[in-house]
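**Student:** Here you go, input-v9.txt (compact mmCIF, C-alpha atoms):
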# COMPACT_ATOMS: atom_id res chain seq x y z
CA MET A 1 -4.15 -24.28 -26.30
CA LEU A 2 -3.36 -21.28 -28.54
CA ARG A 3 -3.00 -23.61 -31.49
CA THR A 4 -6.45 -25.12 -30.76
CA ALA A 5 -8.02 -21.65 -30.42
CA LEU A 6 -6.48 -20.55 -33.74
CA LEU A 7 -7.68 -23.73 -35.41
CA LEU A 8 -11.21 -23.21 -34.08
CA ALA A 9 -11.20 -19.55 -35.17
CA THR A 10 -10.01 -20.53 -38.67
CA LEU A 11 -12.67 -23.24 -38.89
CA ALA A 12 -15.36 -20.77 -37.78
CA CYS A 13 -14.27 -18.32 -40.52
CA VAL A 14 -14.45 -21.06 -43.14
CA LEU A 15 -17.66 -22.75 -41.97
CA LEU A 16 -19.84 -19.86 -40.74
CA PRO A 17 -21.41 -17.51 -43.27
CA ALA A 18 -20.08 -13.95 -43.37
CA GLN A 19 -22.06 -11.79 -40.95
CA GLN A 20 -24.44 -9.45 -42.74
CA PRO A 21 -25.40 -6.09 -41.26
CA ALA A 22 -28.89 -6.36 -39.69
CA PRO A 23 -31.34 -5.01 -42.27
CA LEU A 24 -33.45 -1.99 -41.43
CA ASP A 25 -36.98 -3.25 -40.89
CA PRO A 26 -39.56 -0.59 -41.73
CA GLY A 27 -42.31 -3.13 -41.00
CA ILE A 28 -43.72 -3.22 -44.52
CA ARG A 29 -42.92 -6.79 -45.47
CA THR A 30 -46.35 -8.28 -45.99
CA VAL A 31 -48.43 -7.47 -49.04
CA VAL A 32 -52.10 -7.31 -48.09
CA GLN A 33 -53.57 -5.64 -51.17
CA VAL A 34 -53.13 -5.77 -54.93
CA ALA A 35 -55.16 -3.04 -56.62
CA ILE A 36 -56.26 -2.75 -60.21
CA VAL A 37 -57.57 0.50 -61.63
CA THR A 38 -60.41 0.08 -64.11
CA LYS A 39 -62.64 2.25 -66.29
CA ASN A 40 -65.78 0.23 -65.54
CA ILE A 41 -65.82 -1.51 -62.16
CA GLU A 42 -69.07 -3.44 -62.72
CA ALA A 43 -67.71 -5.04 -65.92
CA SER A 44 -64.31 -5.77 -64.31
CA ALA A 45 -65.90 -7.27 -61.19
CA GLN A 46 -68.01 -9.55 -63.35
CA ARG A 47 -65.01 -10.75 -65.38
CA TRP A 48 -62.87 -11.36 -62.26
CA ALA A 49 -65.73 -13.20 -60.51
CA SER A 50 -66.11 -15.45 -63.53
CA ILE A 51 -62.42 -16.36 -63.82
CA LEU A 52 -62.00 -16.83 -60.05
CA GLY A 53 -65.25 -18.77 -59.67
CA MET A 54 -66.45 -16.36 -56.97
CA GLU A 55 -69.60 -14.32 -56.36
CA ILE A 56 -69.66 -10.84 -57.92
CA PRO A 57 -68.79 -8.50 -55.02
CA LYS A 58 -70.78 -5.46 -53.96
CA VAL A 59 -69.51 -2.16 -55.40
CA SER A 60 -69.32 0.74 -52.94
CA THR A 61 -68.38 4.39 -53.44
CA THR A 62 -66.02 6.22 -51.07
CA ARG A 63 -67.23 9.37 -49.34
CA PRO A 64 -66.43 12.74 -51.03
CA GLY A 65 -62.71 13.55 -50.82
CA GLU A 66 -63.22 16.56 -48.52
CA GLU A 67 -64.99 14.37 -45.92
CA VAL A 68 -62.15 11.84 -45.74
CA LYS A 69 -59.31 14.39 -46.01
CA VAL A 70 -58.06 13.32 -49.44
CA GLN A 71 -54.87 15.06 -50.52
CA PHE A 72 -53.17 14.66 -53.89
CA ARG A 73 -49.59 16.01 -54.10
CA GLY A 74 -50.20 17.91 -50.87
CA LYS A 75 -53.40 19.66 -51.99
CA PRO A 76 -56.97 18.87 -50.89
CA SER A 77 -58.89 16.86 -53.48
CA SER A 78 -62.56 16.00 -53.97
CA GLY A 79 -61.52 12.68 -55.57
CA GLN A 80 -63.55 9.55 -54.88
CA ALA A 81 -63.55 5.96 -56.08
CA LYS A 82 -65.88 3.05 -56.64
CA LEU A 83 -64.43 -0.05 -54.96
CA ALA A 84 -64.92 -3.82 -55.07
CA PHE A 85 -62.94 -6.52 -53.26
CA PHE A 86 -62.06 -10.21 -53.71
CA LYS A 87 -60.44 -12.04 -50.77
CA LEU A 88 -57.64 -14.25 -52.14
CA GLY A 89 -55.95 -15.67 -49.04
CA GLN A 90 -53.69 -13.12 -47.29
CA VAL A 91 -54.20 -10.71 -50.17
CA VAL A 92 -57.26 -8.70 -51.10
CA LEU A 93 -57.66 -7.98 -54.80
CA GLU A 94 -59.11 -4.47 -54.98
CA LEU A 95 -60.81 -3.04 -58.05
CA ILE A 96 -60.90 0.76 -58.24
CA GLU A 97 -62.77 3.03 -60.61
CA PRO A 98 -61.77 6.66 -60.09
CA VAL A 99 -64.59 9.19 -59.66
CA GLY A 100 -64.20 12.98 -59.76
CA GLY A 101 -61.12 15.01 -58.73
CA ASP A 102 -57.38 14.33 -58.73
CA THR A 103 -56.16 11.08 -57.23
CA SER A 104 -53.37 8.58 -57.91
CA TRP A 105 -56.10 6.28 -59.28
CA LYS A 106 -57.17 8.82 -61.93
CA GLN A 107 -53.55 9.65 -62.73
CA TYR A 108 -52.71 5.97 -63.29
CA LEU A 109 -55.73 5.41 -65.54
CA ASP A 110 -54.95 8.56 -67.58
CA GLU A 111 -51.28 7.64 -68.01
CA HIS A 112 -51.32 3.83 -68.25
CA GLY A 113 -54.86 2.62 -68.84
CA GLU A 114 -56.18 -0.30 -66.81
CA GLY A 115 -53.63 -2.22 -64.74
CA VAL A 116 -52.11 -2.89 -61.31
CA GLN A 117 -51.76 0.55 -59.77
CA HIS A 118 -50.63 -0.26 -56.24
CA LEU A 119 -49.51 -2.87 -53.74
CA GLY A 120 -50.82 -2.28 -50.21
CA PHE A 121 -48.81 -2.96 -47.04
CA GLN A 122 -50.11 -2.80 -43.48
CA VAL A 123 -47.49 -0.77 -41.57
CA GLN A 124 -46.77 -0.58 -37.84
CA ASP A 125 -45.30 2.92 -37.76
CA LEU A 126 -46.73 5.15 -40.48
CA ASP A 127 -44.46 8.16 -39.86
CA GLN A 128 -41.37 5.93 -39.93
CA ALA A 129 -42.49 4.18 -43.12
CA ILE A 130 -43.11 7.55 -44.83
CA ALA A 131 -39.74 8.89 -43.61
CA ASN A 132 -37.94 5.80 -44.98
CA ALA A 133 -39.63 6.21 -48.36
CA GLU A 134 -38.76 9.91 -48.48
CA LYS A 135 -35.14 9.07 -47.65
CA SER A 136 -35.16 6.86 -50.76
CA GLY A 137 -36.44 9.76 -52.88
CA MET A 138 -40.10 8.66 -52.88
CA PRO A 139 -42.44 11.29 -51.38
CA VAL A 140 -46.13 10.97 -50.50
CA LEU A 141 -48.31 11.14 -53.63
CA HIS A 142 -51.87 10.84 -52.31
CA ARG A 143 -53.40 10.17 -48.93
CA GLY A 144 -56.67 10.13 -47.04
CA ARG A 145 -58.59 8.63 -44.13
CA TYR A 146 -60.39 5.31 -44.41
CA ASP A 147 -64.06 5.74 -45.18
CA LYS A 148 -64.95 4.80 -41.58
CA ASP A 149 -62.49 7.47 -40.37
CA ASN A 150 -60.54 4.88 -38.36
CA GLY A 151 -57.21 4.87 -40.14
CA ASP A 152 -54.96 6.35 -42.84
CA TYR A 153 -53.95 5.24 -46.31
CA VAL A 154 -50.86 6.80 -47.83
CA TYR A 155 -49.68 6.30 -51.42
CA ILE A 156 -45.98 6.70 -52.11
CA ASP A 157 -44.72 8.12 -55.41
CA SER A 158 -42.76 4.99 -56.26
CA GLY A 159 -44.09 4.21 -59.76
CA LYS A 160 -40.89 5.23 -61.55
CA ALA A 161 -38.45 3.75 -59.05
CA LEU A 162 -40.24 0.47 -58.25
CA GLY A 163 -42.63 -0.05 -61.19
CA VAL A 164 -45.67 0.24 -58.90
CA THR A 165 -47.15 2.64 -56.34
CA LEU A 166 -46.80 1.55 -52.70
CA GLU A 167 -49.71 2.04 -50.34
CA PHE A 168 -49.16 2.14 -46.58
CA LEU A 169 -52.26 1.24 -44.53
CA HIS A 170 -52.42 2.18 -40.85
CA SER A 171 -55.40 1.75 -38.53
CA ASP A 172 -55.88 4.10 -35.58
CA PRO A 173 -55.15 2.59 -32.16
CA PRO A 174 -58.35 1.41 -30.42
CA LYS A 175 -60.16 4.27 -28.66
CA LYS A 176 -60.18 4.12 -24.86
CA MET B 1 -99.22 -30.76 -37.28
CA LEU B 2 -99.66 -29.17 -40.72
CA ARG B 3 -99.82 -25.76 -39.10
CA THR B 4 -96.53 -26.42 -37.24
CA ALA B 5 -94.87 -27.61 -40.45
CA LEU B 6 -96.04 -24.48 -42.31
CA LEU B 7 -94.82 -22.28 -39.48
CA LEU B 8 -91.42 -23.96 -39.51
CA ALA B 9 -91.18 -23.65 -43.31
CA THR B 10 -92.08 -19.94 -43.13
CA LEU B 11 -89.53 -19.37 -40.37
CA ALA B 12 -86.85 -21.17 -42.42
CA CYS B 13 -87.58 -18.93 -45.43
CA VAL B 14 -87.29 -15.82 -43.29
CA LEU B 15 -84.26 -16.85 -41.22
CA LEU B 16 -82.09 -18.77 -43.69
CA PRO B 17 -80.20 -16.85 -46.36
CA ALA B 18 -81.40 -17.32 -49.95
CA GLN B 19 -79.52 -20.19 -51.48
CA GLN B 20 -76.89 -19.03 -53.97
CA PRO B 21 -75.87 -21.24 -56.86
CA ALA B 22 -72.57 -22.92 -55.90
CA PRO B 23 -69.81 -20.94 -57.60
CA LEU B 24 -67.56 -22.77 -60.01
CA ASP B 25 -64.26 -23.19 -58.21
CA PRO B 26 -61.37 -23.40 -60.65
CA GLY B 27 -59.01 -23.58 -57.65
CA ILE B 28 -57.18 -20.34 -58.41
CA ARG B 29 -58.22 -18.30 -55.38
CA THR B 30 -54.89 -17.65 -53.70
CA VAL B 31 -52.38 -15.19 -55.11
CA VAL B 32 -48.84 -16.48 -54.51
CA GLN B 33 -46.86 -14.21 -56.83
CA VAL B 34 -46.84 -10.56 -57.84
CA ALA B 35 -44.37 -9.98 -60.66
CA ILE B 36 -42.80 -6.76 -61.85
CA VAL B 37 -41.03 -6.52 -65.19
CA THR B 38 -37.96 -4.29 -65.15
CA LYS B 39 -35.27 -3.07 -67.56
CA ASN B 40 -32.47 -3.49 -65.03
CA ILE B 41 -33.01 -6.15 -62.39
CA GLU B 42 -29.91 -5.36 -60.32
CA ALA B 43 -30.99 -1.71 -59.91
CA SER B 44 -34.61 -2.69 -59.17
CA ALA B 45 -33.59 -5.34 -56.64
CA GLN B 46 -31.42 -2.80 -54.84
CA ARG B 47 -34.25 -0.23 -54.65
CA TRP B 48 -36.81 -2.81 -53.43
CA ALA B 49 -34.39 -4.18 -50.84
CA SER B 50 -33.83 -0.66 -49.53
CA ILE B 51 -37.53 0.23 -49.22
CA LEU B 52 -38.46 -3.17 -47.72
CA GLY B 53 -35.46 -3.26 -45.37
CA MET B 54 -34.40 -6.65 -46.72
CA GLU B 55 -31.19 -8.14 -48.11
CA ILE B 56 -30.60 -7.72 -51.85
CA PRO B 57 -31.61 -11.10 -53.32
CA LYS B 58 -29.49 -13.20 -55.65
CA VAL B 59 -30.26 -12.73 -59.34
CA SER B 60 -30.51 -15.92 -61.41
CA THR B 61 -31.03 -16.47 -65.14
CA THR B 62 -33.48 -19.04 -66.46
CA ARG B 63 -32.22 -21.75 -68.82
CA PRO B 64 -32.49 -21.09 -72.59
CA GLY B 65 -36.11 -21.20 -73.76
CA GLU B 66 -35.63 -24.33 -75.88
CA GLU B 67 -34.42 -26.27 -72.82
CA VAL B 68 -37.48 -25.43 -70.74
CA LYS B 69 -40.01 -25.69 -73.59
CA VAL B 70 -40.91 -22.00 -73.73
CA GLN B 71 -43.77 -21.21 -76.10
CA PHE B 72 -45.07 -17.74 -76.91
CA ARG B 73 -48.43 -17.60 -78.70
CA GLY B 74 -48.07 -21.31 -79.48
CA LYS B 75 -44.60 -21.07 -81.08
CA PRO B 76 -41.30 -22.21 -79.55
CA SER B 77 -39.26 -19.31 -78.15
CA SER B 78 -35.65 -18.94 -77.05
CA GLY B 79 -36.77 -16.32 -74.49
CA GLN B 80 -35.15 -16.22 -71.06
CA ALA B 81 -35.32 -13.99 -68.00
CA LYS B 82 -33.22 -12.79 -65.11
CA LEU B 83 -35.16 -13.32 -61.87
CA ALA B 84 -34.99 -12.11 -58.25
CA PHE B 85 -37.43 -12.83 -55.41
CA PHE B 86 -38.57 -11.20 -52.15
CA LYS B 87 -40.70 -13.28 -49.76
CA LEU B 88 -43.52 -11.06 -48.42
CA GLY B 89 -45.73 -13.39 -46.38
CA GLN B 90 -47.93 -15.62 -48.56
CA VAL B 91 -46.84 -13.67 -51.63
CA VAL B 92 -43.50 -13.69 -53.43
CA LEU B 93 -42.59 -10.44 -55.14
CA GLU B 94 -40.80 -11.47 -58.33
CA LEU B 95 -38.62 -9.14 -60.37
CA ILE B 96 -38.17 -10.12 -64.02
CA GLU B 97 -35.77 -8.73 -66.63
CA PRO B 98 -36.52 -10.23 -70.06
CA VAL B 99 -33.55 -11.66 -71.96
CA GLY B 100 -33.58 -12.66 -75.66
CA GLY B 101 -36.57 -14.00 -77.66
CA ASP B 102 -40.31 -13.43 -77.48
CA THR B 103 -42.02 -13.77 -74.11
CA SER B 104 -44.91 -12.10 -72.29
CA TRP B 105 -42.25 -10.35 -70.17
CA LYS B 106 -40.64 -8.70 -73.22
CA GLN B 107 -44.05 -7.86 -74.69
CA TYR B 108 -45.13 -6.14 -71.45
CA LEU B 109 -41.92 -4.11 -71.20
CA ASP B 110 -42.14 -3.06 -74.88
CA GLU B 111 -45.81 -2.04 -74.59
CA HIS B 112 -46.08 -0.65 -71.04
CA GLY B 113 -42.61 -0.06 -69.63
CA GLU B 114 -41.83 -1.23 -66.10
CA GLY B 115 -44.78 -2.39 -64.00
CA VAL B 116 -46.77 -5.28 -62.55
CA GLN B 117 -47.01 -7.76 -65.42
CA HIS B 118 -48.64 -10.76 -63.77
CA LEU B 119 -50.31 -12.23 -60.70
CA GLY B 120 -49.39 -15.88 -60.07
CA PHE B 121 -51.84 -18.49 -58.75
CA GLN B 122 -50.99 -22.06 -57.71
CA VAL B 123 -53.63 -24.23 -59.41
CA GLN B 124 -54.80 -27.75 -58.59
CA ASP B 125 -55.92 -28.76 -62.08
CA LEU B 126 -53.96 -26.99 -64.80
CA ASP B 127 -56.01 -28.27 -67.77
CA GLN B 128 -59.26 -27.26 -66.05
CA ALA B 129 -57.90 -23.80 -65.18
CA ILE B 130 -56.78 -23.26 -68.80
CA ALA B 131 -60.14 -24.51 -70.14
CA ASN B 132 -62.02 -22.11 -67.81
CA ALA B 133 -59.88 -19.18 -68.98
CA GLU B 134 -60.40 -20.11 -72.65
CA LYS B 135 -64.15 -20.32 -72.07
CA SER B 136 -63.95 -16.69 -70.86
CA GLY B 137 -62.14 -15.68 -74.07
CA MET B 138 -58.64 -15.69 -72.56
CA PRO B 139 -56.27 -18.11 -74.34
CA VAL B 140 -52.77 -19.19 -73.31
CA LEU B 141 -50.20 -16.47 -74.09
CA HIS B 142 -46.88 -17.95 -72.98
CA ARG B 143 -45.86 -21.11 -71.19
CA GLY B 144 -42.86 -23.18 -70.18
CA ARG B 145 -41.47 -25.66 -67.68
CA TYR B 146 -39.96 -24.56 -64.37
CA ASP B 147 -36.20 -24.30 -64.54
CA LYS B 148 -35.86 -27.51 -62.48
CA ASP B 149 -38.20 -29.23 -64.99
CA ASN B 150 -40.61 -30.19 -62.19
CA GLY B 151 -43.68 -28.17 -63.11
CA ASP B 152 -45.42 -25.87 -65.60
CA TYR B 153 -46.09 -22.15 -65.67
CA VAL B 154 -48.81 -20.88 -67.98
CA TYR B 155 -49.59 -17.23 -68.71
CA ILE B 156 -53.12 -16.36 -69.74
CA ASP B 157 -53.80 -13.54 -72.20
CA SER B 158 -55.93 -11.61 -69.72
CA GLY B 159 -54.25 -8.18 -69.84
CA LYS B 160 -57.08 -6.47 -71.73
CA ALA B 161 -59.95 -8.19 -69.91
CA LEU B 162 -58.58 -8.11 -66.33
CA GLY B 163 -55.90 -5.39 -66.40
CA VAL B 164 -53.16 -7.92 -65.63
CA THR B 165 -51.80 -11.22 -66.97
CA LEU B 166 -52.70 -14.31 -64.93
CA GLU B 167 -50.07 -16.96 -64.34
CA PHE B 168 -51.08 -20.52 -63.41
CA LEU B 169 -48.36 -22.47 -61.57
CA HIS B 170 -48.58 -26.25 -61.36
CA SER B 171 -45.96 -28.60 -59.92
CA ASP B 172 -45.65 -32.16 -61.24
CA PRO B 173 -46.95 -34.87 -58.88
CA PRO B 174 -44.10 -36.46 -56.86
CA LYS B 175 -42.28 -39.18 -58.84
CA LYS B 176 -42.76 -42.74 -57.57
What would the structure in this file look like if it were written as structure tokens?
**Tutor:**
Amino acid sequence: MLRTALLLATLACVLLPAQQPAPLDPGIRTVVQVAIVTKNIEASAQRWASILGMEIPKVSTTRPGEEVKVQFRGKPSSGQAKLAFFKLGQVVLELIEPVGGDTSWKQYLDEHGEGVQHLGFQVQDLDQAIANAEKSGMPVLHRGRYDKDNGDYVYIDSGKALGVTLEFLHSDPPKK
Amino acid sequence: MLRTALLLATLACVLLPAQQPAPLDPGIRTVVQVAIVTKNIEASAQRWASILGMEIPKVSTTRPGEEVKVQFRGKPSSGQAKLAFFKLGQVVLELIEPVGGDTSWKQYLDEHGEGVQHLGFQVQDLDQAIANAEKSGMPVLHRGRYDKDNGDYVYIDSGKALGVTLEFLHSDPPKK
């Protein structure tokens, strides 16, 4: 009996994969947005529409930074952006042209020129996601409310560590 | 009778949306890959795993460029890359560390430093997709066969026009 148990235990060690510690799930595993900062959103939108074979999307402008509580590095900012979107399956391709005051969009364009500035993730628990990023040495860079004032976007200062800025998107719970 | 027909025609003009010309569909509407070029893939993979709460992925090295028919700007290249992948829903986040000869990965790292180098699209008709890109002034930059020699990847020189390199991915049809 003991011999059988030992044999089974040995077999289990050989055949079963080593147990990994359960990974910490901060709930940010699905990319929903890829965002490109551009100097001229109308020209970019036209070029993307042509290569994708899609209609040229409408360009909108966000409300003034003060109205949607924009903060850049912890300070209030008047920064705005012109936006256009292409739906590409699960992912939205977002084009952004910075307008006015300090934002991560303007900073990226000044430092890098046109390119992919951020990847956006829908998060379940915004405070937890921010705390996890801060624990990894990546503080909040820029944040604000959605234009319809029904959720938050938070950019994480992850450009140096990860090669791209992370954006956490979090909608308010439905109002009762 | 005529009056009814005219009324119906008028109603149709008012109620039905204006007909748009059918957009050209080059079949590249779904992003499947977001790729970040890095100087040190092991360090990058560790940082991404930590922020995403996922296991650190295995790093592999592609076969020598000559074996997988790598071409950069139309000339054969010995270029290789170390690769690591994170599955994030529909999209795979790919980390790439260039190794050896000329590739779009090395060019991006030399010119921009670490960042999002390409967006990958699975395409139905590779020749058509390349022809469409060329018609828009974006020629092939870099191409090769998948490491298992069962498909092609083709990078389009779209960095200046679109802010990011496009990658077309096309698997060979199943062998009979």
**Student:** Neighbouring residues of segment 137-141 of chain B were defined as those with any atom within 10 Å, considering only C-alpha atoms; residues of the same chain fewer than 3 positions away were excluded. Please report them as a PDB file with C-alpha atoms, keeping the file's coordinate frame.
**Tutor:**
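Contents of part_21.pdb, freshly written:
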ATOM      1  CA  ILE A  51     -62.420 -16.360 -63.820  1.00  0.00           C
TER       2      ILE A  51
ATOM      3  CA  GLN B  71     -43.770 -21.210 -76.100  1.00  0.00           C
ATOM      4  CA  PHE B  72     -45.070 -17.740 -76.910  1.00  0.00           C
ATOM      5  CA  ARG B  73     -48.430 -17.600 -78.700  1.00  0.00           C
ATOM      6  CA  GLY B  74     -48.070 -21.310 -79.480  1.00  0.00           C
ATOM      7  CA  THR B 103     -42.020 -13.770 -74.110  1.00  0.00           C
ATOM      8  CA  SER B 104     -44.910 -12.100 -72.290  1.00  0.00           C
ATOM      9  CA  ILE B 130     -56.780 -23.260 -68.800  1.00  0.00           C
ATOM     10  CA  ALA B 131     -60.140 -24.510 -70.140  1.00  0.00           C
ATOM     11  CA  ASN B 132     -62.020 -22.110 -67.810  1.00  0.00           C
ATOM     12  CA  ALA B 133     -59.880 -19.180 -68.980  1.00  0.00           C
ATOM     13  CA  GLU B 134     -60.400 -20.110 -72.650  1.00  0.00           C
ATOM     14  CA  VAL B 154     -48.810 -20.880 -67.980  1.00  0.00           C
ATOM     15  CA  TYR B 155     -49.590 -17.230 -68.710  1.00  0.00           C
ATOM     16  CA  ILE B 156     -53.120 -16.360 -69.740  1.00  0.00           C
ATOM     17  CA  ASP B 157     -53.800 -13.540 -72.200  1.00  0.00           C
ATOM     18  CA  SER B 158     -55.930 -11.610 -69.720  1.00  0.00           C
ATOM     19  CA  GLY B 159     -54.250  -8.180 -69.840  1.00  0.00           C
ATOM     20  CA  LYS B 160     -57.080  -6.470 -71.730  1.00  0.00           C
ATOM     21  CA  ALA B 161     -59.950  -8.190 -69.910  1.00  0.00           C
ATOM     22  CA  LEU B 162     -58.580  -8.110 -66.330  1.00  0.00           C
ATOM     23  CA  THR B 165     -51.800 -11.220 -66.970  1.00  0.00           C
ATOM     24  CA  LEU B 166     -52.700 -14.310 -64.930  1.00  0.00           C
ATOM     25  CA  GLU B 167     -50.070 -16.960 -64.340  1.00  0.00           C
TER      26      GLU B 167
END
**Student:** Excluding Val34 of chain A and any residue of its chain fewer than 4 positions from it, enumerate the residues within 8 Å of it, using all atoms listed in the file, and give them as a CSV table (one decimal) with C-alpha atoms, keeping the file's coordinate frame.
**Tutor:**
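Contents of the output file part-v2.csv:
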chain,number,residue,atom,x,y,z
A,91,VAL,CA,-54.2,-10.7,-50.2
A,92,VAL,CA,-57.3,-8.7,-51.1
A,93,LEU,CA,-57.7,-8.0,-54.8
A,94,GLU,CA,-59.1,-4.5,-55.0
A,116,VAL,CA,-52.1,-2.9,-61.3
A,118,HIS,CA,-50.6,-0.3,-56.2
A,119,LEU,CA,-49.5,-2.9,-53.7
A,120,GLY,CA,-50.8,-2.3,-50.2
**Student:** Return the neighbours of chain A among the residues of chain B, cut-off 8 Å, counting all atoms listed in the file, as a PyMOL selection string.
**Tutor:** chain B and resi 23-31+36-38+44+47-48+50-55+88-91+112+114-116+132-133+136+159-164
**Student:** Separation of atom CA of Gly65 of chain B and atom CA of Leu83 of chain B, in Å?
**Tutor:**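 These two atoms are separated by 14.3 Å.
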**Student:** What is the distance between atom CA of Pro64 of chain B and atom CA of Gln33 of chain B, in Å to one decimal?
**Tutor:**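 Taking atom CA of Pro64 of chain B as the start and atom CA of Gln33 of chain B as the end point, the length is 22.4 Å.
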**Student:** Could you list, as number ranges by chain, every residue within 9 Å of Ala81 of chain A, counting all atoms listed in the file and ignoring same-chain residues fewer than 3 positions away?
**Tutor:** A: 60-64, 96-100, 105
**Student:** Enter the distance from atom CA of Arg145 of chain A to atom CA of Val68 of chain A, in Å, rounded to one decimal.
**Tutor:** 5.1 Å
**Student:** Out of B:Val123, B:Val59, B:Asp149, B:His142, which residue has the shortest atom-to-atom distance to Phe168 of chain B when counting all atoms listed in the file?
**Tutor:** B:Val123
**Student:** From the set A:His170, A:Gln124, A:Lys176, A:Lys39, which residue has the shortest atom-to-atom contact distance to Leu109 of chain A, counting all atoms listed in the file?
**Tutor:**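 Nearest candidate to Leu109 of chain A out of A:His170, A:Gln124, A:Lys176, A:Lys39: A:Lys39.
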**Student:** Pick the closest to Asp125 of chain B from B:Ala84, B:Ile41, B:Leu169, B:Ile56: which is it, counting all atoms listed in the file?
**Tutor:** B:Leu169
**Student:** Using all atoms listed in the file, which residue out of B:Asp147, B:Glu66, B:Asp127, B:Asp152 lies closest to Asp102 of chain B?
**Tutor:**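 Going through B:Asp147, B:Glu66, B:Asp127, B:Asp152 one by one, the smallest distance to Asp102 of chain B is for B:Glu66.
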**Student:** In terms of the shortest atom-to-atom distance over all atoms listed in the file, which of A:Ser77, A:Lys69, A:Asp110, A:Gln122 is closest to Lys148 of chain A?
**Tutor:**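 Checking each candidate against Lys148 of chain A, we get A:Lys69 as the closest.
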**Student:** Will you model all heavy atoms for segment 166-171 of chain B and pass it back as an mmCIF file, in the frame of the given file?
**Tutor:**
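Listing of selection-v1.cif after writing:
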data_model
loop_
_atom_site.group_PDB
_atom_site.id
_atom_site.type_symbol
_atom_site.label_atom_id
_atom_site.label_comp_id
_atom_site.auth_asym_id
_atom_site.auth_seq_id
_atom_site.Cartn_x
_atom_site.Cartn_y
_atom_site.Cartn_z
ATOM 1 N N LEU B 166 -52.645 -13.273 -65.967
ATOM 2 C CA LEU B 166 -52.700 -14.310 -64.930
ATOM 3 C C LEU B 166 -51.628 -15.342 -65.226
ATOM 4 O O LEU B 166 -51.395 -15.685 -66.385
ATOM 5 C CB LEU B 166 -54.056 -15.023 -64.927
ATOM 6 C CG LEU B 166 -55.303 -14.200 -64.676
ATOM 7 C CD1 LEU B 166 -56.526 -15.118 -64.654
ATOM 8 C CD2 LEU B 166 -55.197 -13.454 -63.348
ATOM 9 N N GLU B 167 -50.995 -15.842 -64.178
ATOM 10 C CA GLU B 167 -50.070 -16.960 -64.340
ATOM 11 C C GLU B 167 -50.585 -18.132 -63.505
ATOM 12 O O GLU B 167 -50.874 -17.968 -62.319
ATOM 13 C CB GLU B 167 -48.658 -16.597 -63.855
ATOM 14 C CG GLU B 167 -47.685 -17.759 -64.044
ATOM 15 C CD GLU B 167 -46.285 -17.474 -63.502
ATOM 16 O OE1 GLU B 167 -46.174 -16.739 -62.483
ATOM 17 O OE2 GLU B 167 -45.308 -17.970 -64.072
ATOM 18 N N PHE B 168 -50.726 -19.295 -64.133
ATOM 19 C CA PHE B 168 -51.080 -20.520 -63.410
ATOM 20 C C PHE B 168 -49.797 -21.303 -63.181
ATOM 21 O O PHE B 168 -49.044 -21.550 -64.124
ATOM 22 C CB PHE B 168 -52.069 -21.358 -64.224
ATOM 23 C CG PHE B 168 -53.390 -20.697 -64.473
ATOM 24 C CD1 PHE B 168 -54.150 -21.036 -65.589
ATOM 25 C CD2 PHE B 168 -53.898 -19.740 -63.602
ATOM 26 C CE1 PHE B 168 -55.388 -20.434 -65.823
ATOM 27 C CE2 PHE B 168 -55.132 -19.136 -63.829
ATOM 28 C CZ PHE B 168 -55.877 -19.490 -64.951
ATOM 29 N N LEU B 169 -49.556 -21.693 -61.932
ATOM 30 C CA LEU B 169 -48.360 -22.470 -61.570
ATOM 31 C C LEU B 169 -48.815 -23.860 -61.152
ATOM 32 O O LEU B 169 -49.752 -23.997 -60.361
ATOM 33 C CB LEU B 169 -47.642 -21.794 -60.398
ATOM 34 C CG LEU B 169 -47.146 -20.374 -60.681
ATOM 35 C CD1 LEU B 169 -46.911 -19.609 -59.386
ATOM 36 C CD2 LEU B 169 -45.869 -20.415 -61.500
ATOM 37 N N HIS B 170 -48.163 -24.885 -61.674
ATOM 38 C CA HIS B 170 -48.580 -26.250 -61.360
ATOM 39 C C HIS B 170 -47.365 -27.180 -61.292
ATOM 40 O O HIS B 170 -46.706 -27.429 -62.304
ATOM 41 C CB HIS B 170 -49.560 -26.752 -62.429
ATOM 42 C CG HIS B 170 -50.122 -28.095 -62.115
ATOM 43 N ND1 HIS B 170 -49.596 -29.257 -62.616
ATOM 44 C CD2 HIS B 170 -51.152 -28.461 -61.309
ATOM 45 C CE1 HIS B 170 -50.281 -30.280 -62.141
ATOM 46 N NE2 HIS B 170 -51.232 -29.819 -61.347
ATOM 47 N N SER B 171 -47.099 -27.690 -60.097
ATOM 48 C CA SER B 171 -45.960 -28.600 -59.920
ATOM 49 C C SER B 171 -46.353 -30.006 -60.339
ATOM 50 O O SER B 171 -47.507 -30.421 -60.152
ATOM 51 C CB SER B 171 -45.523 -28.620 -58.448
ATOM 52 O OG SER B 171 -45.157 -27.313 -58.066
#
